[in-house]
Amino acid sequence: MSFRKKKASVTLEQAAQRVSAVKSIAADLDLGNGLTVLDYQAAIDSVATVLDSYNTHLSLADELKNNLAEKEKVLRNFSERMLTGVAARYGKDSNQYQMAGGTKKSHIRRIRQKPSQLV
């Protein structure tokens, strides 16, 4: 399962609509205290850039996650082969097999099923 990308920001969409509306009043509107159309547009562009960067990083994380899963699969296979190799050399009921992480054959409990009784 991949990370969910953020397709769009409601705040970003609202701001883009608002800057268009404000530009219809005056393209170089300056309301004082740093409230200019240029600064507003710069803030919108900044959020859009961060959103793009965020989605790119998620894609890279997806790739790393897939690489990790593949490497883990290879490692699980290698671990299984190592345990099988120890079993082949020393036997499944040996101390070496148990030391390698296996369960001795003599330690495995078999559950016997009771014969079903007719009612």
# chains A, B, ... in the order shown; residues from 1 in each chain; ligands from 1
>>> residues_around(residues="segment 46-56 of chain A", least_positions_apart="2", cutoff="10 Å", atoms="only C-alpha atoms", output="list in words")
Phe3, Arg4, Lys5, Lys6, Lys7, Ala8, Ser9, Thr11, Leu12, Glu13, Tyr40, Gln41, Ala42, Ala43, Ile44, Leu58, Ser59, Leu60, Ala61 and Asp62 of chain A
>>> write_last_selection(atoms="N, CA and C atoms", output="PDB file, in the first residue's frame")
ATOM      1  N   PHE A   3       1.782   5.385   0.145  1.00  0.00           N
ATOM      2  CA  PHE A   3       1.383   6.543   0.930  1.00  0.00           C
ATOM      3  C   PHE A   3       0.401   7.373   0.102  1.00  0.00           C
ATOM      4  N   ARG A   4      -0.566   7.940   0.767  1.00  0.00           N
ATOM      5  CA  ARG A   4      -1.572   8.726   0.060  1.00  0.00           C
ATOM      6  C   ARG A   4      -1.044  10.127  -0.200  1.00  0.00           C
ATOM      7  N   LYS A   5      -0.997  10.476  -1.469  1.00  0.00           N
ATOM      8  CA  LYS A   5      -0.557  11.816  -1.846  1.00  0.00           C
ATOM      9  C   LYS A   5      -1.693  12.803  -1.608  1.00  0.00           C
ATOM     10  N   LYS A   6      -1.304  14.033  -1.348  1.00  0.00           N
ATOM     11  CA  LYS A   6      -2.291  15.078  -1.162  1.00  0.00           C
ATOM     12  C   LYS A   6      -2.510  15.722  -2.524  1.00  0.00           C
ATOM     13  N   LYS A   7      -3.673  15.495  -3.081  1.00  0.00           N
ATOM     14  CA  LYS A   7      -3.951  15.969  -4.436  1.00  0.00           C
ATOM     15  C   LYS A   7      -4.080  17.479  -4.495  1.00  0.00           C
ATOM     16  N   ALA A   8      -4.843  18.023  -3.579  1.00  0.00           N
ATOM     17  CA  ALA A   8      -5.036  19.466  -3.583  1.00  0.00           C
ATOM     18  C   ALA A   8      -5.324  19.933  -2.168  1.00  0.00           C
ATOM     19  N   SER A   9      -5.031  21.163  -1.944  1.00  0.00           N
ATOM     20  CA  SER A   9      -5.289  21.770  -0.650  1.00  0.00           C
ATOM     21  C   SER A   9      -6.473  22.711  -0.802  1.00  0.00           C
ATOM     22  N   THR A  11      -7.263  25.044   1.178  1.00  0.00           N
ATOM     23  CA  THR A  11      -6.750  26.382   1.478  1.00  0.00           C
ATOM     24  C   THR A  11      -6.081  26.979   0.256  1.00  0.00           C
ATOM     25  N   LEU A  12      -5.304  26.152  -0.451  1.00  0.00           N
ATOM     26  CA  LEU A  12      -4.610  26.622  -1.653  1.00  0.00           C
ATOM     27  C   LEU A  12      -5.605  27.010  -2.743  1.00  0.00           C
ATOM     28  N   GLU A  13      -6.631  26.213  -2.932  1.00  0.00           N
ATOM     29  CA  GLU A  13      -7.646  26.520  -3.946  1.00  0.00           C
ATOM     30  C   GLU A  13      -8.405  27.802  -3.612  1.00  0.00           C
ATOM     31  N   TYR A  40       0.850  38.055  -1.513  1.00  0.00           N
ATOM     32  CA  TYR A  40      -0.188  37.032  -1.440  1.00  0.00           C
ATOM     33  C   TYR A  40       0.092  35.922  -2.457  1.00  0.00           C
ATOM     34  N   GLN A  41       0.439  36.343  -3.672  1.00  0.00           N
ATOM     35  CA  GLN A  41       0.753  35.373  -4.727  1.00  0.00           C
ATOM     36  C   GLN A  41       2.007  34.573  -4.365  1.00  0.00           C
ATOM     37  N   ALA A  42       2.984  35.223  -3.743  1.00  0.00           N
ATOM     38  CA  ALA A  42       4.205  34.533  -3.317  1.00  0.00           C
ATOM     39  C   ALA A  42       3.890  33.474  -2.258  1.00  0.00           C
ATOM     40  N   ALA A  43       2.984  33.798  -1.342  1.00  0.00           N
ATOM     41  CA  ALA A  43       2.586  32.835  -0.306  1.00  0.00           C
ATOM     42  C   ALA A  43       1.859  31.646  -0.928  1.00  0.00           C
ATOM     43  N   ILE A  44       1.019  31.907  -1.913  1.00  0.00           N
ATOM     44  CA  ILE A  44       0.303  30.831  -2.619  1.00  0.00           C
ATOM     45  C   ILE A  44       1.298  29.938  -3.350  1.00  0.00           C
ATOM     46  N   LEU A  58       6.789  11.602  -0.795  1.00  0.00           N
ATOM     47  CA  LEU A  58       5.969  10.411  -0.563  1.00  0.00           C
ATOM     48  C   LEU A  58       6.222   9.362  -1.638  1.00  0.00           C
ATOM     49  N   SER A  59       6.405   9.802  -2.871  1.00  0.00           N
ATOM     50  CA  SER A  59       6.712   8.859  -3.949  1.00  0.00           C
ATOM     51  C   SER A  59       8.057   8.188  -3.706  1.00  0.00           C
ATOM     52  N   LEU A  60       9.026   8.958  -3.244  1.00  0.00           N
ATOM     53  CA  LEU A  60      10.336   8.387  -2.926  1.00  0.00           C
ATOM     54  C   LEU A  60      10.222   7.415  -1.752  1.00  0.00           C
ATOM     55  N   ALA A  61       9.387   7.754  -0.770  1.00  0.00           N
ATOM     56  CA  ALA A  61       9.178   6.861   0.368  1.00  0.00           C
ATOM     57  C   ALA A  61       8.522   5.560  -0.091  1.00  0.00           C
ATOM     58  N   ASP A  62       7.592   5.657  -1.051  1.00  0.00           N
ATOM     59  CA  ASP A  62       6.977   4.458  -1.615  1.00  0.00           C
ATOM     60  C   ASP A  62       8.033   3.560  -2.251  1.00  0.00           C
TER      61      ASP A  62
END
>>> residues_around(residues="segment 99-101 of chain A", least_positions_apart="5", cutoff="10 Å", atoms="only C-alpha atoms", output="list in words")
Ser79, Met82, Leu83, Thr84, Val86, Ala87 and Ser94 of chain A
>>> select_by_dssp(residues="chain A", states="alpha helix (DSSP H)", output="PyMOL selection string")
chain A and resi 10-25+37-90+95-99
>>> atom_distance(atom1="atom CA of Tyr97 of chain A", atom2="atom CA of Arg112 of chain A")
25.4 Å
>>> residues_around(residues="Val22 of chain A", least_positions_apart="3", cutoff="12 Å", atoms="only C-alpha atoms", output="short mmCIF file (atom, residue, chain, number, x, y, z; two decimals) with C-alpha atoms, in the first residue's frame")
data_model
loop_
_atom_site.label_atom_id
_atom_site.label_comp_id
_atom_site.auth_asym_id
_atom_site.auth_seq_id
_atom_site.Cartn_x
_atom_site.Cartn_y
_atom_site.Cartn_z
CA ALA A 15 -6.44 31.41 -1.92
CA ALA A 16 -6.01 31.05 -5.69
CA GLN A 17 -9.63 32.08 -6.21
CA ARG A 18 -9.28 34.95 -3.79
CA VAL A 19 -6.10 36.30 -5.40
CA ILE A 25 -9.96 45.11 -8.01
CA ALA A 26 -6.41 46.23 -8.79
CA ALA A 27 -3.42 44.19 -10.00
CA ASP A 28 -1.06 46.11 -7.73
CA LEU A 29 -3.36 46.46 -4.71
CA ASP A 30 -1.50 47.35 -1.51
CA LEU A 31 -3.54 47.28 1.69
CA LEU A 35 -0.80 42.89 2.45
CA THR A 36 0.01 43.16 -1.23
CA VAL A 37 -1.12 41.10 -4.19
CA LEU A 38 2.52 40.18 -4.91
CA TYR A 40 -0.19 37.03 -1.44
CA GLN A 41 0.75 35.37 -4.73
#
>>> atom_distance(atom1="atom CA of Gly85 of chain A", atom2="atom CA of Leu68 of chain A")
25.3 Å
>>> atom_distance(atom1="atom CA of Lys105 of chain A", atom2="atom CA of Ala88 of chain A")
13.2 Å
>>> closest_residue(among="A:Gln14, A:Pro115, A:Gly91, A:Asp39", to="Thr103 of chain A", atoms="only C-alpha atoms")
A:Gly91
>>> decode(residues="segment 95-115 of chain A", atoms="N, CA and C atoms", output="PDB file, in the first residue's frame")
ATOM      1  N   ASN A  95      21.084 -30.267  18.798  1.00  0.00           N
ATOM      2  CA  ASN A  95      21.242 -29.017  19.543  1.00  0.00           C
ATOM      3  C   ASN A  95      21.604 -27.868  18.609  1.00  0.00           C
ATOM      4  N   GLN A  96      22.399 -28.167  17.569  1.00  0.00           N
ATOM      5  CA  GLN A  96      22.807 -27.137  16.617  1.00  0.00           C
ATOM      6  C   GLN A  96      21.591 -26.556  15.890  1.00  0.00           C
ATOM      7  N   TYR A  97      20.636 -27.425  15.540  1.00  0.00           N
ATOM      8  CA  TYR A  97      19.414 -26.971  14.873  1.00  0.00           C
ATOM      9  C   TYR A  97      18.637 -26.032  15.794  1.00  0.00           C
ATOM     10  N   GLN A  98      18.578 -26.381  17.071  1.00  0.00           N
ATOM     11  CA  GLN A  98      17.891 -25.535  18.041  1.00  0.00           C
ATOM     12  C   GLN A  98      18.642 -24.223  18.237  1.00  0.00           C
ATOM     13  N   MET A  99      19.972 -24.291  18.265  1.00  0.00           N
ATOM     14  CA  MET A  99      20.780 -23.078  18.417  1.00  0.00           C
ATOM     15  C   MET A  99      20.596 -22.133  17.228  1.00  0.00           C
ATOM     16  N   ALA A 100      20.335 -22.704  16.041  1.00  0.00           N
ATOM     17  CA  ALA A 100      20.146 -21.887  14.832  1.00  0.00           C
ATOM     18  C   ALA A 100      18.744 -21.284  14.762  1.00  0.00           C
ATOM     19  N   GLY A 101      17.877 -21.662  15.710  1.00  0.00           N
ATOM     20  CA  GLY A 101      16.545 -21.056  15.742  1.00  0.00           C
ATOM     21  C   GLY A 101      15.424 -22.010  15.406  1.00  0.00           C
ATOM     22  N   GLY A 102      15.747 -23.266  15.126  1.00  0.00           N
ATOM     23  CA  GLY A 102      14.712 -24.244  14.829  1.00  0.00           C
ATOM     24  C   GLY A 102      14.178 -24.874  16.102  1.00  0.00           C
ATOM     25  N   THR A 103      13.082 -25.589  15.981  1.00  0.00           N
ATOM     26  CA  THR A 103      12.512 -26.326  17.103  1.00  0.00           C
ATOM     27  C   THR A 103      12.832 -27.794  16.893  1.00  0.00           C
ATOM     28  N   LYS A 104      13.441 -28.386  17.897  1.00  0.00           N
ATOM     29  CA  LYS A 104      13.807 -29.791  17.801  1.00  0.00           C
ATOM     30  C   LYS A 104      12.577 -30.637  17.492  1.00  0.00           C
ATOM     31  N   LYS A 105      12.789 -31.644  16.680  1.00  0.00           N
ATOM     32  CA  LYS A 105      11.705 -32.516  16.291  1.00  0.00           C
ATOM     33  C   LYS A 105      11.074 -33.181  17.513  1.00  0.00           C
ATOM     34  N   SER A 106      11.908 -33.536  18.495  1.00  0.00           N
ATOM     35  CA  SER A 106      11.395 -34.211  19.687  1.00  0.00           C
ATOM     36  C   SER A 106      10.620 -33.266  20.600  1.00  0.00           C
ATOM     37  N   HIS A 107      10.714 -31.961  20.375  1.00  0.00           N
ATOM     38  CA  HIS A 107      10.000 -30.990  21.214  1.00  0.00           C
ATOM     39  C   HIS A 107       8.663 -30.570  20.623  1.00  0.00           C
ATOM     40  N   ILE A 108       8.378 -31.034  19.437  1.00  0.00           N
ATOM     41  CA  ILE A 108       7.115 -30.662  18.790  1.00  0.00           C
ATOM     42  C   ILE A 108       6.030 -31.594  19.300  1.00  0.00           C
ATOM     43  N   ARG A 109       5.000 -31.021  19.854  1.00  0.00           N
ATOM     44  CA  ARG A 109       3.887 -31.822  20.350  1.00  0.00           C
ATOM     45  C   ARG A 109       2.897 -32.025  19.233  1.00  0.00           C
ATOM     46  N   ARG A 110       2.529 -33.233  19.063  1.00  0.00           N
ATOM     47  CA  ARG A 110       1.512 -33.562  18.062  1.00  0.00           C
ATOM     48  C   ARG A 110       0.156 -33.622  18.765  1.00  0.00           C
ATOM     49  N   ILE A 111      -0.787 -32.970  18.213  1.00  0.00           N
ATOM     50  CA  ILE A 111      -2.139 -32.997  18.760  1.00  0.00           C
ATOM     51  C   ILE A 111      -2.882 -34.127  18.056  1.00  0.00           C
ATOM     52  N   ARG A 112      -3.321 -35.050  18.842  1.00  0.00           N
ATOM     53  CA  ARG A 112      -4.053 -36.177  18.269  1.00  0.00           C
ATOM     54  C   ARG A 112      -5.535 -35.877  18.362  1.00  0.00           C
ATOM     55  N   GLN A 113      -6.177 -36.099  17.263  1.00  0.00           N
ATOM     56  CA  GLN A 113      -7.606 -35.859  17.240  1.00  0.00           C
ATOM     57  C   GLN A 113      -8.336 -37.081  17.775  1.00  0.00           C
ATOM     58  N   LYS A 114      -9.305 -36.826  18.574  1.00  0.00           N
ATOM     59  CA  LYS A 114     -10.113 -37.908  19.096  1.00  0.00           C
ATOM     60  C   LYS A 114     -11.041 -38.388  17.981  1.00  0.00           C
ATOM     61  N   PRO A 115     -11.218 -39.692  17.908  1.00  0.00           N
ATOM     62  CA  PRO A 115     -12.145 -40.162  16.881  1.00  0.00           C
ATOM     63  C   PRO A 115     -13.542 -39.621  17.163  1.00  0.00           C
TER      64      PRO A 115
END
